[in-house]
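Below is one structure, written out as structure tokens, with a few remarks after it.
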Amino acid sequence: MTVKRFTLAAAVAAVAGTTALGGFLTTAHAEDGIYVPLLTYRTGAFADSGTPIANGMSDYFALLNKRDGGINGVKLVVEECETGYKTDVGVECYERTKTKGAVVYNPYSTGITNAIIPKTNGDKIPVLSMGYGLTPAADGNVFPWVFNLPTTYWSQASVFVKYVGDQEGGLDKLKGKTIGLIHLDHPYGKEPIPTLEALAETHGFDFVTYPVPPKTMQDQRSTWEKIDSDEPDWLFMWGWGAMNPTAVKGAVDVDFPMDRFIGVWWSGNESDVRDAGKKATGYLAGDFHGVGDGWPVFDALREHVIGKDGSQTPESMVGETLYNRGLFNAVVVGEAIRTAMGKYGDRPITGEEMRWGLENIVLDKARLDALGLAGFTNPINVTCADHEGSHPVYLKKWDGDKWEKSTDWIEPMKDVVRPLIEEEAAKIAAERGLATNACSS
Amino acid sequence: MLYREAGQFKTNYVADQAIFPIRQDRIGMAIVLLFAWVIIPAFGTDYFLEIIMINFLFFSLAAIGLNILTGYTGLISLGTGGFMAVGAVASYKLAVIFPDLNIILVFLLSGLIAAAVGIVFGLPSLRIKGFYLAVATLAAQFFLDWLFLRFDWFTNSSTAIEGVPKTLFGFLVTGPDASPFAKYYVALGFVTVFALIAKNLVRSAIGRAWMAIRDMDIAAEIIGIRPLPTKLLAFAISAFYSGVAGSLMLFLFYDSAEPDLFDINLSFKVLFMVIIGGLGSILGSFMGAAFIVMIPILLTLAPDLLGLPISSDLAKHLEFMIFGALIIFFLIVEPNGLARLWQITKEKLRLWPFPY
């Protein structure tokens with residue numbers, strides 16, 4: 001009986017507590033600083049990918065705070081909100097943090113990005129989805145608050161085709177060749193299909209898809225048997241999470257030529273190929289930032305942040321692809337804040353001012369040198385209409401135990417990709433009743 | 001004392017069959033409704049209205065739907081997520097294809113479409129029961145998942161389905177720019193009306209037929225209840241509720257959702273609500289939804305409110321552990337759910353402060 005009585009009391013307390021919380025959850029503004037919420041996933045099924053990204057972001061912000069005392073003397077207040085890669089939790093995080101004066105969101109999940117994008121018009125807080133999320137959002141006229149710099153899936157798909165054309169001796173030699181796409185059977189995995197279909201028509205190659213259902217992504221034997229019998233000349237991959245290492249091993253098992261197998265930048269982490277090791281030598285992946293720790297900024301990170309109180313980064317993670325991606329994301333956020341301060345003054349900025357900062361961000365060679373990141377990425381120059389800002393992608397090659405830069409920066413086929421982006425953005429605008437002239441007003 | 005019925009005489013059948021026969025319950029209900037309709041919207045912050053209340057409301061509706069099927073008719077279903085997906089996709093398609101259609105009609109029609117799908121997947125329930133039926137409804141979940149991911153027509157070939165902005169009585173009530181205030185009232189209106197309908201359904205001949213089937217289907221057949229129409233009706237109404245809940249979820253909460261949001265985990269989530277809240281109880285559906293929706297949020301916020309300096313991932317792990325322990329604790333203490341706990345409380349209050 002006593003247990004039951006206690007239970008009753010607990011239940012009543014819980015109900016009362018929840019109701020009372022409604023009152024507490026008002027606006028607790030971040031004190032004296034620029035509030036940057038980070039939607040991270042260090043838990044859940046995708047924690048292996050989420051942890052290095054989260055570490056890269058928070059380490060760089062910690063560096064800015066510890067070494068420079070913030071940006072132009074204004075401290076950054078960074079708060080992590082754990083999503084576990086779940087969309088509903090991500091939306092909860094967004095609603096909870098936005099009233100504290102959040103300047104930008106980096107969701108690192110297509111689902112959360114899609115759920116947040118419609119809210120940005122009203123809330124006036126930009127979303128920075130670097131290399132993921134909604135590709136048509138690159139059209140700043142329709143999506144003024146969404147930035148997917150430096151480049152998009154569709155640009156990347158055209159870069160892959162260009163690379164294949166180069167290897168075959170010209171795009172006109174593609175006629176009659178077959179390009180396969182092994183992809184996660186999910187909206188994200190299907191992203192490049194319209195672009196590749198359009199290119200297949202113009203250049204006369206055959207385009208075949210090999211969907212991998214998310215539920216069985218760790219058992220791809222039937223898919224690889226099919227690929228083995230079809231023998232496509234080239235194979236692209238759009239995978240994420242546990243699909244990647246499984247696919248690389250699948251390719252090794254059926255002796256698919258690894259130097260004709262190209263992964264999206266989300267299929268190019270060290271952990272994706274490490275299991276296959278030497279056998280995966282030659283596997284290619286796209287990327288838009290440097291890999292490894294050969295830049296001065298890493299020395300500064302080691303001096304001020306890594307291994308010190310507040311950093312969760314193990315030494316072995318420094319310089320990994322996804323750690324660097326998180327770091328690059330933080331660099332872009334920091335530089336956008338700095339740009340915005342140049343116009344609005346050295347004080348905590350708002351989401352609207354942050355948008356101006358992102359729209360006018362200039363990450364040219366000189367700036368990258370000054371940041372200790374010379375050559376880390378291709379220069380970025382965002383405009384109001386073009387939220388990709390940079391576009392080029394390079395390919396890296398797995399040499400058996402680390403990534404090596406394999407090509408120079410390759411420009412995408414803008415003449416193909418940009419019209420597709422504008423067409424799709426216009427379609428979404430019509431459906432949702434969005435304005436299409438954010439840059440001309 | 002508080003729940004003493006002495007002096008409340010029922011002098012006619014209407015009073016005897018009233019939905020809340022005891023005066024205290026009527027007063028309690030009036031207070032709850034006053035809170036829901038006046039006090040919460042007047043004092044709640046946007047975060048509270050949108051993240052806690054709307055979330056709770058559409059899950060309550062889904063839980064009522066599943067409770068009709070599983071709690072009242074005894075048919076275990078793992079297809080709730082699929083039926084919610086049907087509702088969400090149907091409302092998106094209807095709102096896009098017929099831009100002038102009233103939003104209330106959009107939601108109701110999507111519910112009807114979900115009900116039709118529910119009937120189709122309910123057909124096996126005549127022949128199979130228990131776990132076998134659970135597996136058959138699992139097929140519904142997987143099939144619908146697959147269907148919406150595979151065929152672009154359902155999503156208009158975009159990666160996400162969106163809550164289309166719509167107005168009601170001149171107010172913007174859906175879409176990203178609608179105020180949480182307006183959205184809350186739409187959700188609350190639907191939940192109030194449909195909870196009332198559900199409560200009355202289960203008190204009527206239909207509800208008694210469902211319960212007869214649940215308790216012993218052969219005996220029910222012998223006393224003249226036709227199993228197939230009864231079971232299919234339960235499936236239809238359950239799917240209708242789930243479908244409307246799915247539309248509300250898309251239009252009032254997510255605004256933009258990938259179809260795979262409605263996966264098997266959603267089905268489990270609603271099933272847990274029903275089990276923890278109490279099988280065969282409308283009140284239990286609300287309590288279960290409140291438990292599953294609010295406790296994790298409360299636990300996430302707790303370290304911050306208490307000023308504990310722990311990292312976000314540790315807080316998340318703690319949340320999982322405490323939440324899991326709470327579920328086990330409540331199920332051990334009261335396997336019949338929170339609703340039963342409330343019933344015991346009422347009985348105790350009746351005697352309080354002089355229990356014997």
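Naming scheme: A, B, ... for chains in displayed order of the structure tokens; residues 1 onward per chain; ligands 1 onward as shown.
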
Handout entry: All alpha helix (DSSP H) residues (DSSP, backbone) inside region 106-345 of chain A, as a ChimeraX atom specification
Key = /A:110-123,153-168,193-203,221-230,243-253,270-274,296-304,321-344

Exercise for the section: Give as a PyMOL selection string every residue of chain B that touches chain A within 7 Å, counting only C-alpha atoms. Expected result: chain B and resi 44-45+47-48+51+96+149+159-160+164+176-177+254-258+298+312-313+316+333

With N, CA and C atoms kept, could you save the residues just selected as a PDB file, in the first residue's frame?
ATOM      1  N   GLY B  44       0.173  30.028 -21.039  1.00  0.00           N
ATOM      2  CA  GLY B  44       1.262  29.194 -21.547  1.00  0.00           C
ATOM      3  C   GLY B  44       2.145  29.945 -22.520  1.00  0.00           C
ATOM      4  N   THR B  45       3.442  29.635 -22.459  1.00  0.00           N
ATOM      5  CA  THR B  45       4.356  30.223 -23.444  1.00  0.00           C
ATOM      6  C   THR B  45       4.200  29.472 -24.756  1.00  0.00           C
ATOM      7  N   TYR B  47       6.435  27.877 -26.337  1.00  0.00           N
ATOM      8  CA  TYR B  47       7.091  26.573 -26.212  1.00  0.00           C
ATOM      9  C   TYR B  47       6.166  25.573 -25.541  1.00  0.00           C
ATOM     10  N   PHE B  48       5.521  25.997 -24.468  1.00  0.00           N
ATOM     11  CA  PHE B  48       4.630  25.110 -23.726  1.00  0.00           C
ATOM     12  C   PHE B  48       3.461  24.675 -24.601  1.00  0.00           C
ATOM     13  N   ILE B  51       5.219  22.660 -28.050  1.00  0.00           N
ATOM     14  CA  ILE B  51       6.011  21.446 -27.858  1.00  0.00           C
ATOM     15  C   ILE B  51       5.352  20.501 -26.876  1.00  0.00           C
ATOM     16  N   VAL B  96      -3.226  20.126 -51.047  1.00  0.00           N
ATOM     17  CA  VAL B  96      -2.543  20.640 -52.236  1.00  0.00           C
ATOM     18  C   VAL B  96      -3.465  20.578 -53.457  1.00  0.00           C
ATOM     19  N   LEU B 149       7.357   5.773 -49.210  1.00  0.00           N
ATOM     20  CA  LEU B 149       8.750   6.061 -49.574  1.00  0.00           C
ATOM     21  C   LEU B 149       8.985   5.771 -51.047  1.00  0.00           C
ATOM     22  N   THR B 159      11.200  15.613 -50.860  1.00  0.00           N
ATOM     23  CA  THR B 159      11.706  14.759 -49.795  1.00  0.00           C
ATOM     24  C   THR B 159      10.798  14.780 -48.575  1.00  0.00           C
ATOM     25  N   ALA B 160       9.929  15.772 -48.490  1.00  0.00           N
ATOM     26  CA  ALA B 160       9.116  15.883 -47.291  1.00  0.00           C
ATOM     27  C   ALA B 160       7.680  16.242 -47.664  1.00  0.00           C
ATOM     28  N   VAL B 164       0.265  22.437 -45.236  1.00  0.00           N
ATOM     29  CA  VAL B 164      -0.047  23.586 -46.085  1.00  0.00           C
ATOM     30  C   VAL B 164      -0.734  24.660 -45.233  1.00  0.00           C
ATOM     31  N   PRO B 176       3.692  26.882 -41.057  1.00  0.00           N
ATOM     32  CA  PRO B 176       4.736  27.363 -40.155  1.00  0.00           C
ATOM     33  C   PRO B 176       4.474  28.737 -39.555  1.00  0.00           C
ATOM     34  N   ASP B 177       3.689  29.569 -40.234  1.00  0.00           N
ATOM     35  CA  ASP B 177       3.525  30.932 -39.732  1.00  0.00           C
ATOM     36  C   ASP B 177       2.335  31.098 -38.798  1.00  0.00           C
ATOM     37  N   TYR B 254       4.763  19.323 -36.969  1.00  0.00           N
ATOM     38  CA  TYR B 254       6.007  19.254 -37.733  1.00  0.00           C
ATOM     39  C   TYR B 254       6.080  20.284 -38.855  1.00  0.00           C
ATOM     40  N   ASP B 255       4.956  20.607 -39.477  1.00  0.00           N
ATOM     41  CA  ASP B 255       4.904  21.474 -40.655  1.00  0.00           C
ATOM     42  C   ASP B 255       5.533  20.826 -41.874  1.00  0.00           C
ATOM     43  N   SER B 256       6.604  20.102 -41.660  1.00  0.00           N
ATOM     44  CA  SER B 256       7.267  19.462 -42.779  1.00  0.00           C
ATOM     45  C   SER B 256       7.881  18.177 -42.246  1.00  0.00           C
ATOM     46  N   ALA B 257       7.515  17.049 -42.841  1.00  0.00           N
ATOM     47  CA  ALA B 257       7.972  15.792 -42.265  1.00  0.00           C
ATOM     48  C   ALA B 257       8.372  14.826 -43.362  1.00  0.00           C
ATOM     49  N   GLU B 258       9.414  14.067 -43.103  1.00  0.00           N
ATOM     50  CA  GLU B 258       9.749  12.968 -44.006  1.00  0.00           C
ATOM     51  C   GLU B 258       8.771  11.848 -43.740  1.00  0.00           C
ATOM     52  N   LEU B 298      10.521  16.700 -19.455  1.00  0.00           N
ATOM     53  CA  LEU B 298      10.772  17.136 -18.083  1.00  0.00           C
ATOM     54  C   LEU B 298      12.152  16.685 -17.616  1.00  0.00           C
ATOM     55  N   SER B 312      25.271  17.409 -22.324  1.00  0.00           N
ATOM     56  CA  SER B 312      23.963  17.103 -22.899  1.00  0.00           C
ATOM     57  C   SER B 312      23.801  15.614 -23.157  1.00  0.00           C
ATOM     58  N   ASP B 313      24.902  14.932 -23.536  1.00  0.00           N
ATOM     59  CA  ASP B 313      24.726  13.506 -23.826  1.00  0.00           C
ATOM     60  C   ASP B 313      24.544  12.700 -22.552  1.00  0.00           C
ATOM     61  N   LYS B 316      21.063  13.016 -21.583  1.00  0.00           N
ATOM     62  CA  LYS B 316      20.204  12.174 -22.401  1.00  0.00           C
ATOM     63  C   LYS B 316      20.232  10.729 -21.909  1.00  0.00           C
ATOM     64  N   VAL B 333       3.848  -1.553 -10.131  1.00  0.00           N
ATOM     65  CA  VAL B 333       2.928  -1.079  -9.100  1.00  0.00           C
ATOM     66  C   VAL B 333       1.484  -1.228  -9.555  1.00  0.00           C
TER      67      VAL B 333
END

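The neighbours of region 206-213 of chain B here are the residues that come within 10 Å of it, using only C-alpha atoms and leaving out any residue fewer than 4 positions away in the same chain; they are B:Ile68, B:Leu69, B:Gly71, B:Tyr72, B:Thr73, B:Gly74, B:Leu75, B:Ala198, B:Lys199, B:Asn200, B:Leu201, B:Val202, B:Asp217, B:Ile218, B:Ala219, B:Ala220, B:Glu221, B:Ile223, B:Gly224, B:Ile225, B:Arg226, B:Pro227, B:Thr230, B:Lys231, B:Leu233, B:Ala234, B:Gly280.
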
Kindly save the residues from that selection, with N, CA and C atoms included, as a PDB file, in the first residue's frame.
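That gives us selection.pdb:
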ATOM      1  N   ILE B  68      -9.390   2.056 -28.594  1.00  0.00           N
ATOM      2  CA  ILE B  68     -10.647   1.484 -29.083  1.00  0.00           C
ATOM      3  C   ILE B  68     -10.393   0.103 -29.651  1.00  0.00           C
ATOM      4  N   LEU B  69      -9.301  -0.025 -30.392  1.00  0.00           N
ATOM      5  CA  LEU B  69      -9.003  -1.291 -31.051  1.00  0.00           C
ATOM      6  C   LEU B  69      -8.439  -2.315 -30.063  1.00  0.00           C
ATOM      7  N   GLY B  71      -7.695  -1.828 -26.524  1.00  0.00           N
ATOM      8  CA  GLY B  71      -8.234  -1.852 -25.165  1.00  0.00           C
ATOM      9  C   GLY B  71      -9.671  -2.320 -25.113  1.00  0.00           C
ATOM     10  N   TYR B  72     -10.503  -1.855 -26.040  1.00  0.00           N
ATOM     11  CA  TYR B  72     -11.925  -2.188 -25.970  1.00  0.00           C
ATOM     12  C   TYR B  72     -12.286  -3.424 -26.776  1.00  0.00           C
ATOM     13  N   THR B  73     -11.644  -3.621 -27.942  1.00  0.00           N
ATOM     14  CA  THR B  73     -12.022  -4.753 -28.778  1.00  0.00           C
ATOM     15  C   THR B  73     -11.038  -5.904 -28.636  1.00  0.00           C
ATOM     16  N   GLY B  74      -9.901  -5.657 -27.991  1.00  0.00           N
ATOM     17  CA  GLY B  74      -8.958  -6.733 -27.737  1.00  0.00           C
ATOM     18  C   GLY B  74      -8.156  -7.167 -28.947  1.00  0.00           C
ATOM     19  N   LEU B  75      -8.057  -6.287 -29.962  1.00  0.00           N
ATOM     20  CA  LEU B  75      -7.277  -6.632 -31.147  1.00  0.00           C
ATOM     21  C   LEU B  75      -5.957  -5.865 -31.092  1.00  0.00           C
ATOM     22  N   ALA B 198     -15.727   9.344 -28.561  1.00  0.00           N
ATOM     23  CA  ALA B 198     -15.188   8.037 -28.187  1.00  0.00           C
ATOM     24  C   ALA B 198     -15.786   7.573 -26.871  1.00  0.00           C
ATOM     25  N   LYS B 199     -15.841   8.495 -25.924  1.00  0.00           N
ATOM     26  CA  LYS B 199     -16.387   8.146 -24.612  1.00  0.00           C
ATOM     27  C   LYS B 199     -17.821   7.631 -24.756  1.00  0.00           C
ATOM     28  N   ASN B 200     -18.600   8.306 -25.598  1.00  0.00           N
ATOM     29  CA  ASN B 200     -19.986   7.879 -25.782  1.00  0.00           C
ATOM     30  C   ASN B 200     -20.098   6.600 -26.588  1.00  0.00           C
ATOM     31  N   LEU B 201     -19.177   6.428 -27.553  1.00  0.00           N
ATOM     32  CA  LEU B 201     -19.197   5.196 -28.342  1.00  0.00           C
ATOM     33  C   LEU B 201     -19.010   3.982 -27.444  1.00  0.00           C
ATOM     34  N   VAL B 202     -18.027   4.082 -26.538  1.00  0.00           N
ATOM     35  CA  VAL B 202     -17.739   2.895 -25.735  1.00  0.00           C
ATOM     36  C   VAL B 202     -18.814   2.655 -24.688  1.00  0.00           C
ATOM     37  N   ASP B 217     -14.970 -14.004 -27.738  1.00  0.00           N
ATOM     38  CA  ASP B 217     -15.617 -13.763 -29.021  1.00  0.00           C
ATOM     39  C   ASP B 217     -16.670 -14.817 -29.362  1.00  0.00           C
ATOM     40  N   ILE B 218     -16.450 -16.063 -28.910  1.00  0.00           N
ATOM     41  CA  ILE B 218     -17.449 -17.092 -29.231  1.00  0.00           C
ATOM     42  C   ILE B 218     -18.755 -16.802 -28.504  1.00  0.00           C
ATOM     43  N   ALA B 219     -18.633 -16.447 -27.213  1.00  0.00           N
ATOM     44  CA  ALA B 219     -19.835 -16.106 -26.446  1.00  0.00           C
ATOM     45  C   ALA B 219     -20.543 -14.914 -27.078  1.00  0.00           C
ATOM     46  N   ALA B 220     -19.760 -13.943 -27.535  1.00  0.00           N
ATOM     47  CA  ALA B 220     -20.366 -12.769 -28.155  1.00  0.00           C
ATOM     48  C   ALA B 220     -21.144 -13.156 -29.405  1.00  0.00           C
ATOM     49  N   GLU B 221     -20.567 -14.078 -30.165  1.00  0.00           N
ATOM     50  CA  GLU B 221     -21.234 -14.520 -31.387  1.00  0.00           C
ATOM     51  C   GLU B 221     -22.546 -15.215 -31.049  1.00  0.00           C
ATOM     52  N   ILE B 223     -24.480 -14.702 -28.513  1.00  0.00           N
ATOM     53  CA  ILE B 223     -25.572 -13.808 -28.113  1.00  0.00           C
ATOM     54  C   ILE B 223     -25.950 -12.842 -29.230  1.00  0.00           C
ATOM     55  N   GLY B 224     -25.431 -13.047 -30.416  1.00  0.00           N
ATOM     56  CA  GLY B 224     -25.956 -12.315 -31.565  1.00  0.00           C
ATOM     57  C   GLY B 224     -25.113 -11.164 -32.059  1.00  0.00           C
ATOM     58  N   ILE B 225     -23.858 -11.098 -31.634  1.00  0.00           N
ATOM     59  CA  ILE B 225     -22.987 -10.037 -32.163  1.00  0.00           C
ATOM     60  C   ILE B 225     -22.235 -10.592 -33.363  1.00  0.00           C
ATOM     61  N   ARG B 226     -22.323  -9.893 -34.475  1.00  0.00           N
ATOM     62  CA  ARG B 226     -21.639 -10.389 -35.682  1.00  0.00           C
ATOM     63  C   ARG B 226     -20.181  -9.959 -35.624  1.00  0.00           C
ATOM     64  N   PRO B 227     -19.268 -10.910 -35.558  1.00  0.00           N
ATOM     65  CA  PRO B 227     -17.864 -10.564 -35.322  1.00  0.00           C
ATOM     66  C   PRO B 227     -17.256  -9.698 -36.421  1.00  0.00           C
ATOM     67  N   THR B 230     -18.356  -5.995 -36.459  1.00  0.00           N
ATOM     68  CA  THR B 230     -17.949  -5.355 -35.207  1.00  0.00           C
ATOM     69  C   THR B 230     -16.453  -5.080 -35.200  1.00  0.00           C
ATOM     70  N   LYS B 231     -15.680  -6.106 -35.580  1.00  0.00           N
ATOM     71  CA  LYS B 231     -14.234  -5.941 -35.588  1.00  0.00           C
ATOM     72  C   LYS B 231     -13.811  -4.920 -36.636  1.00  0.00           C
ATOM     73  N   LEU B 233     -15.528  -2.473 -37.768  1.00  0.00           N
ATOM     74  CA  LEU B 233     -15.905  -1.134 -37.314  1.00  0.00           C
ATOM     75  C   LEU B 233     -14.851  -0.604 -36.336  1.00  0.00           C
ATOM     76  N   ALA B 234     -14.396  -1.482 -35.455  1.00  0.00           N
ATOM     77  CA  ALA B 234     -13.350  -1.071 -34.518  1.00  0.00           C
ATOM     78  C   ALA B 234     -12.101  -0.653 -35.280  1.00  0.00           C
ATOM     79  N   GLY B 280      -8.445  -0.024 -22.318  1.00  0.00           N
ATOM     80  CA  GLY B 280      -9.880   0.078 -22.096  1.00  0.00           C
ATOM     81  C   GLY B 280     -10.264   1.265 -21.245  1.00  0.00           C
TER      82      GLY B 280
END

Practice task
Find the residues around Leu172 (chain B) up to 12 Å (only C-alpha atoms counted), leave out those fewer than 4 positions away in its own chain, and share them as a PyMOL selection string.
Solution key: chain B and resi 103+164-168+176-186+251-252

Could the residues in this selection be written to a file with C-alpha atoms, as a short mmCIF file (atom, residue, chain, number, x, y, z; two decimals), in the first residue's frame?
data_model
loop_
_atom_site.label_atom_id
_atom_site.label_comp_id
_atom_site.auth_asym_id
_atom_site.auth_seq_id
_atom_site.Cartn_x
_atom_site.Cartn_y
_atom_site.Cartn_z
CA ILE B 103 -9.13 22.60 -43.21
CA VAL B 164 -0.05 23.59 -46.09
CA PRO B 165 -1.02 26.99 -44.61
CA LYS B 166 -4.80 27.21 -44.17
CA THR B 167 -7.14 29.64 -42.51
CA LEU B 168 -10.20 29.02 -40.37
CA PRO B 176 4.74 27.36 -40.16
CA ASP B 177 3.53 30.93 -39.73
CA ALA B 178 0.40 30.14 -37.74
CA SER B 179 0.65 31.09 -34.09
CA PRO B 180 0.97 28.26 -31.55
CA PHE B 181 -2.13 29.78 -29.99
CA ALA B 182 -4.30 29.13 -33.05
CA LYS B 183 -2.79 25.71 -33.63
CA TYR B 184 -3.46 24.78 -30.03
CA TYR B 185 -7.13 25.62 -30.33
CA VAL B 186 -7.52 23.54 -33.48
CA PHE B 251 -0.16 20.27 -39.92
CA LEU B 252 0.12 21.51 -36.35
#

Exercise for the section: Find the spatial neighbours of Val362 (chain A), counting only C-alpha atoms, within a cut-off of 8 Å - ignore same-chain residues fewer than 6 positions away - and output them as a PyMOL selection string. Expected result: chain A and resi 379-382

Next, the residues of the selection above should be written as a PDB file, in the first residue's frame with N, CA and C atoms.
ATOM      1  N   PRO A 379      37.596  28.744 -51.853  1.00  0.00           N
ATOM      2  CA  PRO A 379      37.018  30.007 -51.388  1.00  0.00           C
ATOM      3  C   PRO A 379      35.496  30.058 -51.530  1.00  0.00           C
ATOM      4  N   ILE A 380      34.870  30.658 -50.536  1.00  0.00           N
ATOM      5  CA  ILE A 380      33.403  30.709 -50.509  1.00  0.00           C
ATOM      6  C   ILE A 380      32.947  32.143 -50.675  1.00  0.00           C
ATOM      7  N   ASN A 381      31.989  32.337 -51.524  1.00  0.00           N
ATOM      8  CA  ASN A 381      31.466  33.678 -51.739  1.00  0.00           C
ATOM      9  C   ASN A 381      29.960  33.596 -51.948  1.00  0.00           C
ATOM     10  N   VAL A 382      29.232  33.703 -50.862  1.00  0.00           N
ATOM     11  CA  VAL A 382      27.777  33.555 -50.930  1.00  0.00           C
ATOM     12  C   VAL A 382      27.161  34.844 -51.459  1.00  0.00           C
TER      13      VAL A 382
END

Find the spatial neighbours of Thr321 (chain A), counting only C-alpha atoms, within a cut-off of 7 Å - ignore same-chain residues fewer than 5 positions away - and output them as a short mmCIF file (atom, residue, chain, number, x, y, z; two decimals) with C-alpha atoms, in the first residue's frame.
data_model
loop_
_atom_site.label_atom_id
_atom_site.label_comp_id
_atom_site.auth_asym_id
_atom_site.auth_seq_id
_atom_site.Cartn_x
_atom_site.Cartn_y
_atom_site.Cartn_z
CA ASN A 269 34.49 8.98 -43.28
CA GLU A 270 37.46 6.98 -42.01
CA VAL A 291 41.13 15.87 -44.20
#

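For the atom pair formed by CA of Asp401 (chain A) and CA of Tyr283 (chain A), the distance is 11.5 Å, given to one decimal.
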
For region 105-115 of chain B, work out the shell of residues within 6 Å, counting only C-alpha atoms and skipping chain neighbours fewer than 6 positions away, then give it as a CSV table (one decimal) with N, CA and C atoms, in the first residue's frame.
chain,number,residue,atom,x,y,z
B,83,PHE,N,-1.2,4.0,-40.1
B,83,PHE,CA,-2.5,4.7,-40.3
B,83,PHE,C,-2.3,6.2,-40.1
B,86,VAL,N,-1.0,7.5,-43.3
B,86,VAL,CA,-2.1,7.6,-44.3
B,86,VAL,C,-2.8,8.9,-44.1
B,87,GLY,N,-3.1,9.2,-42.8
B,87,GLY,CA,-3.8,10.5,-42.5
B,87,GLY,C,-3.0,11.7,-42.9
B,90,ALA,N,-2.6,11.8,-46.7
B,90,ALA,CA,-3.9,12.2,-47.3
B,90,ALA,C,-4.2,13.7,-47.1
B,91,SER,N,-4.0,14.2,-45.9
B,91,SER,CA,-4.3,15.6,-45.7
B,91,SER,C,-3.4,16.5,-46.5
B,236,ALA,N,-12.0,0.4,-38.4
B,236,ALA,CA,-12.2,1.7,-39.1
B,236,ALA,C,-12.2,2.9,-38.2
B,239,ALA,N,-8.6,3.5,-37.0
B,239,ALA,CA,-7.8,4.1,-38.0
B,239,ALA,C,-8.2,5.5,-38.3
B,240,PHE,N,-9.5,5.8,-38.2
B,240,PHE,CA,-9.9,7.2,-38.4
B,240,PHE,C,-9.3,8.1,-37.4
B,243,GLY,N,-5.7,8.4,-38.2
B,243,GLY,CA,-5.5,9.2,-39.3
B,243,GLY,C,-5.6,10.7,-39.0
B,244,VAL,N,-6.6,11.1,-38.3
B,244,VAL,CA,-6.8,12.5,-37.9
B,244,VAL,C,-5.6,12.9,-37.0

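Distances to Met287 (chain B) were evaluated for B:Leu61, B:Leu228, B:Ile128, B:Ile197 using only C-alpha atoms, and the minimum falls at B:Leu61.
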
Practice task
Figure out the distance between CA of Asn67 (chain B) and CA of Pro335 (chain B), please, to one decimal in Å.
Solution key: 15.8 Å

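Between Trp265 (chain A) and the candidates A:Gln167, A:Thr209, A:Gln218, A:Thr151, the tightest atom-to-atom separation, counting only C-alpha atoms, involves A:Thr151.
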